[in-house]
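To be precise, the following lines are model-v8.txt, and they hold compact mmCIF, C-alpha atoms.
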```txt
# COMPACT_ATOMS: atom_id res chain seq x y z
CA GLY A 1 122.32 93.78 84.70
CA GLU A 2 119.17 94.82 82.90
CA ASN A 3 119.62 96.60 79.59
CA VAL A 4 117.04 98.34 77.41
CA GLU A 5 117.73 99.20 73.80
CA GLN A 6 115.52 101.67 71.93
CA HIS A 7 115.20 102.36 68.20
CA PRO A 8 115.17 104.56 66.26
CA SER A 9 116.96 107.44 67.93
CA THR A 10 115.15 109.94 65.69
CA LEU A 11 111.92 109.62 63.76
CA SER A 12 110.31 112.13 61.43
CA VAL A 13 106.77 111.65 60.16
CA GLN A 14 104.15 113.68 58.36
CA GLU A 15 101.12 114.75 60.33
CA GLY A 16 98.47 112.05 60.18
CA ASP A 17 100.94 109.22 59.64
CA SER A 18 101.73 106.54 62.21
CA ALA A 19 104.89 106.32 64.29
CA VAL A 20 106.38 103.17 65.81
CA ILE A 21 109.16 103.04 68.40
CA LYS A 22 110.67 99.72 69.43
CA CYS A 23 112.46 98.56 72.55
CA THR A 24 114.12 95.34 73.60
CA TYR A 25 115.01 94.32 77.13
CA SER A 26 117.44 91.79 78.50
CA ASP A 27 115.89 90.59 81.79
CA SER A 28 113.28 87.97 80.97
CA ALA A 29 111.80 88.45 84.45
CA SER A 30 110.88 92.10 83.78
CA ASN A 31 107.19 92.63 84.43
CA TYR A 32 106.35 96.29 83.85
CA PHE A 33 106.99 98.49 80.82
CA PRO A 34 106.09 102.20 80.90
CA TRP A 35 106.50 104.77 78.15
CA TYR A 36 107.32 108.39 78.96
CA LYS A 37 107.04 111.51 76.81
CA GLN A 38 109.42 114.38 77.49
CA GLU A 39 108.90 117.70 75.77
CA LEU A 40 111.81 120.10 75.57
CA GLY A 41 112.63 121.50 79.00
CA LYS A 42 109.80 119.63 80.69
CA ARG A 43 109.47 116.65 82.98
CA PRO A 44 108.99 113.12 81.64
CA GLN A 45 105.30 112.20 81.70
CA LEU A 46 103.84 108.71 81.59
CA ILE A 47 101.72 108.20 78.49
CA ILE A 48 101.00 104.48 78.68
CA ASP A 49 102.27 101.37 80.42
CA ILE A 50 101.84 97.63 80.11
CA ARG A 51 102.37 94.73 82.48
CA SER A 52 103.75 91.36 81.57
CA ASN A 53 100.42 89.55 81.79
CA VAL A 54 99.00 91.62 78.91
CA GLY A 55 100.01 91.54 75.24
CA GLU A 56 98.52 94.83 74.10
CA LYS A 57 97.06 97.99 75.57
CA LYS A 58 95.45 100.91 73.80
CA ASP A 59 94.53 104.44 74.83
CA GLN A 60 92.97 106.51 72.04
CA ARG A 61 95.76 107.11 69.48
CA ILE A 62 98.44 105.38 71.53
CA ALA A 63 99.01 101.65 71.84
CA VAL A 64 101.73 99.46 73.29
CA THR A 65 102.42 95.84 72.37
CA LEU A 66 104.52 93.37 74.31
CA ASN A 67 106.16 90.20 73.03
CA LYS A 68 107.54 88.45 76.09
CA THR A 69 109.07 85.60 74.11
CA ALA A 70 111.15 87.95 72.00
CA LYS A 71 111.57 90.47 74.85
CA HIS A 72 110.27 93.27 72.62
CA PHE A 73 107.77 96.01 73.29
CA SER A 74 106.66 98.79 70.98
CA LEU A 75 104.85 102.12 71.09
CA HIS A 76 102.43 102.88 68.29
CA ILE A 77 101.07 106.38 67.71
CA THR A 78 98.40 106.73 65.05
CA GLU A 79 97.15 109.90 63.35
CA THR A 80 100.17 111.83 64.60
CA GLN A 81 99.83 115.52 65.38
CA PRO A 82 102.50 118.24 65.71
CA GLU A 83 101.98 118.24 69.49
CA ASP A 84 103.18 114.63 69.55
CA SER A 85 106.66 115.98 68.80
CA ALA A 86 108.85 115.15 71.80
CA VAL A 87 111.40 112.63 73.07
CA TYR A 88 109.89 109.28 74.01
CA PHE A 89 111.52 106.91 76.49
CA CYS A 90 110.71 103.28 77.07
CA ALA A 91 111.59 101.59 80.34
CA ALA A 92 111.55 98.14 81.87
CA ARG A 93 111.24 97.17 85.49
CA GLY A 94 113.46 94.38 86.68
CA VAL A 95 112.32 92.15 89.49
CA TYR A 96 115.59 91.95 91.36
CA ASN A 97 115.43 95.56 92.48
CA THR A 98 112.25 97.08 93.87
CA ASP A 99 110.63 99.32 91.26
CA LYS A 100 113.91 100.05 89.53
CA LEU A 101 113.24 101.24 86.01
CA ILE A 102 115.88 100.89 83.32
CA PHE A 103 115.31 103.46 80.60
CA GLY A 104 116.09 103.31 76.92
CA THR A 105 118.13 106.06 75.29
CA GLY A 106 115.10 107.86 73.87
CA THR A 107 113.55 108.57 70.46
CA ARG A 108 113.16 112.09 69.20
CA LEU A 109 109.89 112.21 67.27
CA GLN A 110 109.21 115.11 64.93
CA VAL A 111 105.79 115.46 63.36
CA PHE A 112 105.72 117.84 60.42
CA PRO A 113 102.46 119.63 59.56
CA GLU B 1 96.71 117.95 90.22
CA ALA B 2 99.53 117.26 92.68
CA GLU B 3 103.04 117.32 91.26
CA VAL B 4 106.57 116.58 92.39
CA ALA B 5 108.40 119.80 93.23
CA GLN B 6 112.13 120.38 92.81
CA SER B 7 114.43 123.29 93.46
CA PRO B 8 116.44 124.96 92.19
CA ARG B 9 115.48 124.55 88.54
CA TYR B 10 118.95 125.60 87.39
CA LYS B 11 122.30 125.58 89.13
CA ILE B 12 125.67 126.72 87.85
CA THR B 13 128.68 125.97 89.97
CA GLU B 14 132.41 125.67 89.69
CA LYS B 15 134.16 122.35 90.04
CA SER B 16 135.13 121.40 93.59
CA GLN B 17 132.16 123.33 95.00
CA ALA B 18 129.28 121.73 96.88
CA VAL B 19 125.74 121.69 95.49
CA ALA B 20 122.44 120.52 96.90
CA PHE B 21 119.11 119.74 95.29
CA TRP B 22 115.75 119.47 96.99
CA CYS B 23 112.71 117.38 96.14
CA ASP B 24 109.19 117.34 97.57
CA PRO B 25 107.25 114.28 96.38
CA ILE B 26 103.53 114.01 95.87
CA SER B 27 101.81 113.81 99.25
CA GLY B 28 101.43 110.25 100.42
CA HIS B 29 103.98 108.77 98.06
CA ALA B 30 106.15 106.38 100.00
CA THR B 31 108.80 105.85 97.36
CA LEU B 32 111.14 108.57 96.15
CA TYR B 33 113.75 108.30 93.40
CA TRP B 34 116.64 110.45 92.28
CA TYR B 35 117.69 110.06 88.65
CA ARG B 36 120.46 111.63 86.60
CA GLN B 37 119.77 112.35 82.95
CA ILE B 38 122.72 113.16 80.75
CA LEU B 39 121.84 115.06 77.57
CA GLY B 40 120.65 112.66 74.89
CA GLN B 41 120.21 109.73 77.25
CA GLY B 42 117.49 108.22 79.39
CA PRO B 43 117.26 108.79 83.14
CA GLU B 44 119.54 106.62 85.27
CA LEU B 45 118.59 105.79 88.85
CA LEU B 46 120.97 107.14 91.48
CA VAL B 47 119.09 106.31 94.67
CA GLN B 48 115.69 105.02 95.74
CA PHE B 49 114.02 105.58 99.12
CA GLN B 50 111.14 103.67 100.66
CA ASP B 51 109.92 106.09 103.31
CA GLU B 52 113.15 107.19 105.02
CA SER B 53 115.17 104.09 104.13
CA VAL B 54 117.50 103.67 101.18
CA VAL B 55 116.35 100.75 99.04
CA ASP B 56 118.87 101.02 96.21
CA ASP B 57 121.93 103.24 95.95
CA SER B 58 124.05 100.91 93.87
CA GLN B 59 124.61 103.56 91.17
CA LEU B 60 125.27 106.46 93.53
CA PRO B 61 128.94 107.62 93.51
CA LYS B 62 129.22 107.55 97.26
CA ASP B 63 132.59 109.24 97.41
CA ARG B 64 130.97 112.52 96.37
CA PHE B 65 127.19 112.06 96.35
CA SER B 66 124.89 111.74 99.33
CA ALA B 67 121.13 111.62 99.69
CA GLU B 68 118.80 111.76 102.61
CA ARG B 69 115.10 111.63 103.34
CA LEU B 70 115.14 112.10 107.07
CA LYS B 71 111.41 112.26 107.81
CA GLY B 72 110.30 110.13 104.89
CA VAL B 73 108.85 113.08 103.01
CA ASP B 74 111.13 115.53 101.19
CA SER B 75 114.65 114.66 100.16
CA THR B 76 117.99 116.31 99.50
CA LEU B 77 120.70 115.17 97.08
CA LYS B 78 124.16 116.60 97.61
CA ILE B 79 127.33 116.58 95.54
CA GLN B 80 130.63 117.49 97.13
CA PRO B 81 132.93 118.23 95.40
CA ALA B 82 131.25 118.74 92.03
CA GLU B 83 133.15 117.60 88.95
CA LEU B 84 132.78 118.61 85.30
CA GLY B 85 131.22 115.25 84.49
CA ASP B 86 128.38 115.88 86.93
CA SER B 87 126.76 118.34 84.52
CA ALA B 88 123.34 116.84 83.84
CA MET B 89 119.65 117.07 84.66
CA TYR B 90 118.80 115.68 88.10
CA LEU B 91 115.27 114.37 88.22
CA CYS B 92 113.27 113.41 91.26
CA ALA B 93 110.30 111.06 91.00
CA SER B 94 107.83 109.57 93.43
CA SER B 95 105.33 106.74 93.48
CA LEU B 96 102.78 105.20 95.77
CA ALA B 97 104.52 101.84 95.36
CA THR B 98 105.18 99.73 98.36
CA SER B 99 107.23 96.57 98.20
CA GLY B 100 107.09 94.60 95.01
CA ASN B 101 104.27 96.15 93.04
CA PRO B 102 105.09 98.40 90.12
CA ASP B 103 103.37 101.74 90.19
CA THR B 104 103.51 104.91 88.13
CA GLN B 105 106.52 107.08 88.80
CA TYR B 106 105.74 110.79 88.60
CA PHE B 107 108.65 113.05 87.76
CA GLY B 108 109.50 116.52 88.93
CA PRO B 109 110.70 119.27 86.55
CA GLY B 110 114.34 118.55 87.34
CA THR B 111 117.38 120.60 88.28
CA ARG B 112 119.76 121.32 85.45
CA LEU B 113 123.29 121.39 86.84
CA THR B 114 126.18 122.97 84.96
CA VAL B 115 129.66 122.55 86.42
CA LEU B 116 132.27 124.98 85.07
```
For the structure just supplied, provide its representation as structure tokens.
Amino acid sequence: GENVEQHPSTLSVQEGDSAVIKCTYSDSASNYFPWYKQELGKRPQLIIDIRSNVGEKKDQRIAVTLNKTAKHFSLHITETQPEDSAVYFCAARGVYNTDKLIFGTGTRLQVFP
Amino acid sequence: EAEVAQSPRYKITEKSQAVAFWCDPISGHATLYWYRQILGQGPELLVQFQDESVVDDSQLPKDRFSAERLKGVDSTLKIQPAELGDSAMYLCASSLATSGNPDTQYFGPGTRLTVL
């Protein structure tokens, strides 16, 4: 079945630096890749997503890139702020099950002031 | 802004007892999902409903778990009997998605279950 690997599991950066989180997926037919942010004790919230017909998408300080050939996608956060500290999950949607998202294991990002 | 509602937020129970969780999706969302999130891991889909019909329950331990969405709106997830390994966060999500097209899944706050 579909598998999503996420690295690193923890990431510490200084405020203002950039953070990059990488995911790989196994199902070459996957066509939708959302990223969720989960603060401690709160619900996961979608921060950005990308579909397989697009290579890059940007929203202010957040960008996602997709390499379909290599089955990689990455989250880039620029000019990090302490409020970016949270756990980030990537996910991939397979095409053999309606809307089923397979999540990565999460990256705990800490931004130090 | 409309949100997915879940209750209770926390549940402590003893093993072999029955527990039930409730989810009210965003109004108009046809698709409802129940996920289990073990500490330190990503959410794992247990069951997916399209309106009142189960679309995917391949990861639902059917010997002890059951889920229903009788009127195609709110949903209940039940565990009977609960086991120690069921301790986790149970998340409900909903989306507008109809067949085939990916759409944003909106998550509820979750129910944290502790089985003693």
For Thr24 of chain A, work out the shell of residues within 10 Å, counting all atoms listed in the file and skipping chain neighbours fewer than 2 positions away, then give it as a PDB file with C-alpha atoms, in the coordinates of the input.
```pdb
ATOM      1  CA  ASN A   3     119.620  96.600  79.590  1.00  0.00           C
ATOM      2  CA  VAL A   4     117.040  98.340  77.410  1.00  0.00           C
ATOM      3  CA  GLU A   5     117.730  99.200  73.800  1.00  0.00           C
ATOM      4  CA  GLN A   6     115.520 101.670  71.930  1.00  0.00           C
ATOM      5  CA  HIS A   7     115.200 102.360  68.200  1.00  0.00           C
ATOM      6  CA  LYS A  22     110.670  99.720  69.430  1.00  0.00           C
ATOM      7  CA  SER A  26     117.440  91.790  78.500  1.00  0.00           C
ATOM      8  CA  ASP A  27     115.890  90.590  81.790  1.00  0.00           C
ATOM      9  CA  LEU A  66     104.520  93.370  74.310  1.00  0.00           C
ATOM     10  CA  ASN A  67     106.160  90.200  73.030  1.00  0.00           C
ATOM     11  CA  LYS A  68     107.540  88.450  76.090  1.00  0.00           C
ATOM     12  CA  ALA A  70     111.150  87.950  72.000  1.00  0.00           C
ATOM     13  CA  LYS A  71     111.570  90.470  74.850  1.00  0.00           C
ATOM     14  CA  HIS A  72     110.270  93.270  72.620  1.00  0.00           C
ATOM     15  CA  PHE A  73     107.770  96.010  73.290  1.00  0.00           C
ATOM     16  CA  SER A  74     106.660  98.790  70.980  1.00  0.00           C
ATOM     17  CA  CYS A  90     110.710 103.280  77.070  1.00  0.00           C
ATOM     18  CA  ALA A  91     111.590 101.590  80.340  1.00  0.00           C
ATOM     19  CA  ALA A  92     111.550  98.140  81.870  1.00  0.00           C
ATOM     20  CA  GLY A 104     116.090 103.310  76.920  1.00  0.00           C
TER      21      GLY A 104
END
```
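The gap separating atom CA of Glu39 of chain A from atom CA of Glu2 of chain A is 26.1 Å, in Å to one decimal.
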Could you work out which residues of chain A fall inside 12 Å of chain B? Count only C-alpha atoms, and format the result as a PDB file with C-alpha atoms, in the coordinates of the input.
```pdb
ATOM      1  CA  GLY A   1     122.320  93.780  84.700  1.00  0.00           C
ATOM      2  CA  ASN A   3     119.620  96.600  79.590  1.00  0.00           C
ATOM      3  CA  VAL A   4     117.040  98.340  77.410  1.00  0.00           C
ATOM      4  CA  GLU A   5     117.730  99.200  73.800  1.00  0.00           C
ATOM      5  CA  GLN A   6     115.520 101.670  71.930  1.00  0.00           C
ATOM      6  CA  SER A   9     116.960 107.440  67.930  1.00  0.00           C
ATOM      7  CA  THR A  10     115.150 109.940  65.690  1.00  0.00           C
ATOM      8  CA  SER A  30     110.880  92.100  83.780  1.00  0.00           C
ATOM      9  CA  ASN A  31     107.190  92.630  84.430  1.00  0.00           C
ATOM     10  CA  TYR A  32     106.350  96.290  83.850  1.00  0.00           C
ATOM     11  CA  PHE A  33     106.990  98.490  80.820  1.00  0.00           C
ATOM     12  CA  PRO A  34     106.090 102.200  80.900  1.00  0.00           C
ATOM     13  CA  TRP A  35     106.500 104.770  78.150  1.00  0.00           C
ATOM     14  CA  TYR A  36     107.320 108.390  78.960  1.00  0.00           C
ATOM     15  CA  LYS A  37     107.040 111.510  76.810  1.00  0.00           C
ATOM     16  CA  GLN A  38     109.420 114.380  77.490  1.00  0.00           C
ATOM     17  CA  GLU A  39     108.900 117.700  75.770  1.00  0.00           C
ATOM     18  CA  LEU A  40     111.810 120.100  75.570  1.00  0.00           C
ATOM     19  CA  GLY A  41     112.630 121.500  79.000  1.00  0.00           C
ATOM     20  CA  LYS A  42     109.800 119.630  80.690  1.00  0.00           C
ATOM     21  CA  ARG A  43     109.470 116.650  82.980  1.00  0.00           C
ATOM     22  CA  PRO A  44     108.990 113.120  81.640  1.00  0.00           C
ATOM     23  CA  GLN A  45     105.300 112.200  81.700  1.00  0.00           C
ATOM     24  CA  LEU A  46     103.840 108.710  81.590  1.00  0.00           C
ATOM     25  CA  ILE A  47     101.720 108.200  78.490  1.00  0.00           C
ATOM     26  CA  ILE A  48     101.000 104.480  78.680  1.00  0.00           C
ATOM     27  CA  ASP A  49     102.270 101.370  80.420  1.00  0.00           C
ATOM     28  CA  ILE A  50     101.840  97.630  80.110  1.00  0.00           C
ATOM     29  CA  ARG A  51     102.370  94.730  82.480  1.00  0.00           C
ATOM     30  CA  SER A  52     103.750  91.360  81.570  1.00  0.00           C
ATOM     31  CA  VAL A  87     111.400 112.630  73.070  1.00  0.00           C
ATOM     32  CA  TYR A  88     109.890 109.280  74.010  1.00  0.00           C
ATOM     33  CA  PHE A  89     111.520 106.910  76.490  1.00  0.00           C
ATOM     34  CA  CYS A  90     110.710 103.280  77.070  1.00  0.00           C
ATOM     35  CA  ALA A  91     111.590 101.590  80.340  1.00  0.00           C
ATOM     36  CA  ALA A  92     111.550  98.140  81.870  1.00  0.00           C
ATOM     37  CA  ARG A  93     111.240  97.170  85.490  1.00  0.00           C
ATOM     38  CA  GLY A  94     113.460  94.380  86.680  1.00  0.00           C
ATOM     39  CA  VAL A  95     112.320  92.150  89.490  1.00  0.00           C
ATOM     40  CA  TYR A  96     115.590  91.950  91.360  1.00  0.00           C
ATOM     41  CA  ASN A  97     115.430  95.560  92.480  1.00  0.00           C
ATOM     42  CA  THR A  98     112.250  97.080  93.870  1.00  0.00           C
ATOM     43  CA  ASP A  99     110.630  99.320  91.260  1.00  0.00           C
ATOM     44  CA  LYS A 100     113.910 100.050  89.530  1.00  0.00           C
ATOM     45  CA  LEU A 101     113.240 101.240  86.010  1.00  0.00           C
ATOM     46  CA  ILE A 102     115.880 100.890  83.320  1.00  0.00           C
ATOM     47  CA  PHE A 103     115.310 103.460  80.600  1.00  0.00           C
ATOM     48  CA  GLY A 104     116.090 103.310  76.920  1.00  0.00           C
ATOM     49  CA  THR A 105     118.130 106.060  75.290  1.00  0.00           C
ATOM     50  CA  GLY A 106     115.100 107.860  73.870  1.00  0.00           C
ATOM     51  CA  THR A 107     113.550 108.570  70.460  1.00  0.00           C
ATOM     52  CA  ARG A 108     113.160 112.090  69.200  1.00  0.00           C
TER      53      ARG A 108
END
```
What is the atom CA of Leu77 of chain B to atom CA of Trp22 of chain B distance in Å?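 Atom-to-atom, atom CA of Leu77 of chain B to atom CA of Trp22 of chain B, that is 6.6 Å.
Reported to one decimal place, the separation of atom CA of His76 of chain A from atom CA of Lys57 of chain A is 10.3 Å.
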For segment 103-115 of chain B, what centre and edge lengths in Å (one decimal) does the axis-aligned box get once 8 Å is added on each side of all its listed atoms, as lines of an AutoDock Vina configuration file?
```
center_x = 116.5
center_y = 112.4
center_z = 87.6
size_x = 42.3
size_y = 37.2
size_z = 21.2
```
Distance query Ser87 of chain B at most 7 Å, only C-alpha atoms, self and fewer than 4 positions along chain excluded, as a VMD selection string: chain B and resid 113 to 115
Compare B:Ala82, B:Leu46, B:Ala5, B:Val54 by their minimum atom-to-atom distance to Val19 of chain B, counting all atoms listed in the file, and give me the closest one.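 Ranked by minimum distance to Val19 of chain B, first place goes to B:Ala82.
Closest approach to Lys71 of chain B from the set B:Trp34, B:Tyr10, B:Ala18, B:Glu52 is made by B:Glu52, with distances taken over only C-alpha atoms.
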Taking only C-alpha atoms into account, name the residue in B:Thr111, B:Ala20, B:Ser94, B:Lys11 that is nearest to Asp51 of chain B.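 Smallest separation from Asp51 of chain B among the options: B:Ser94.
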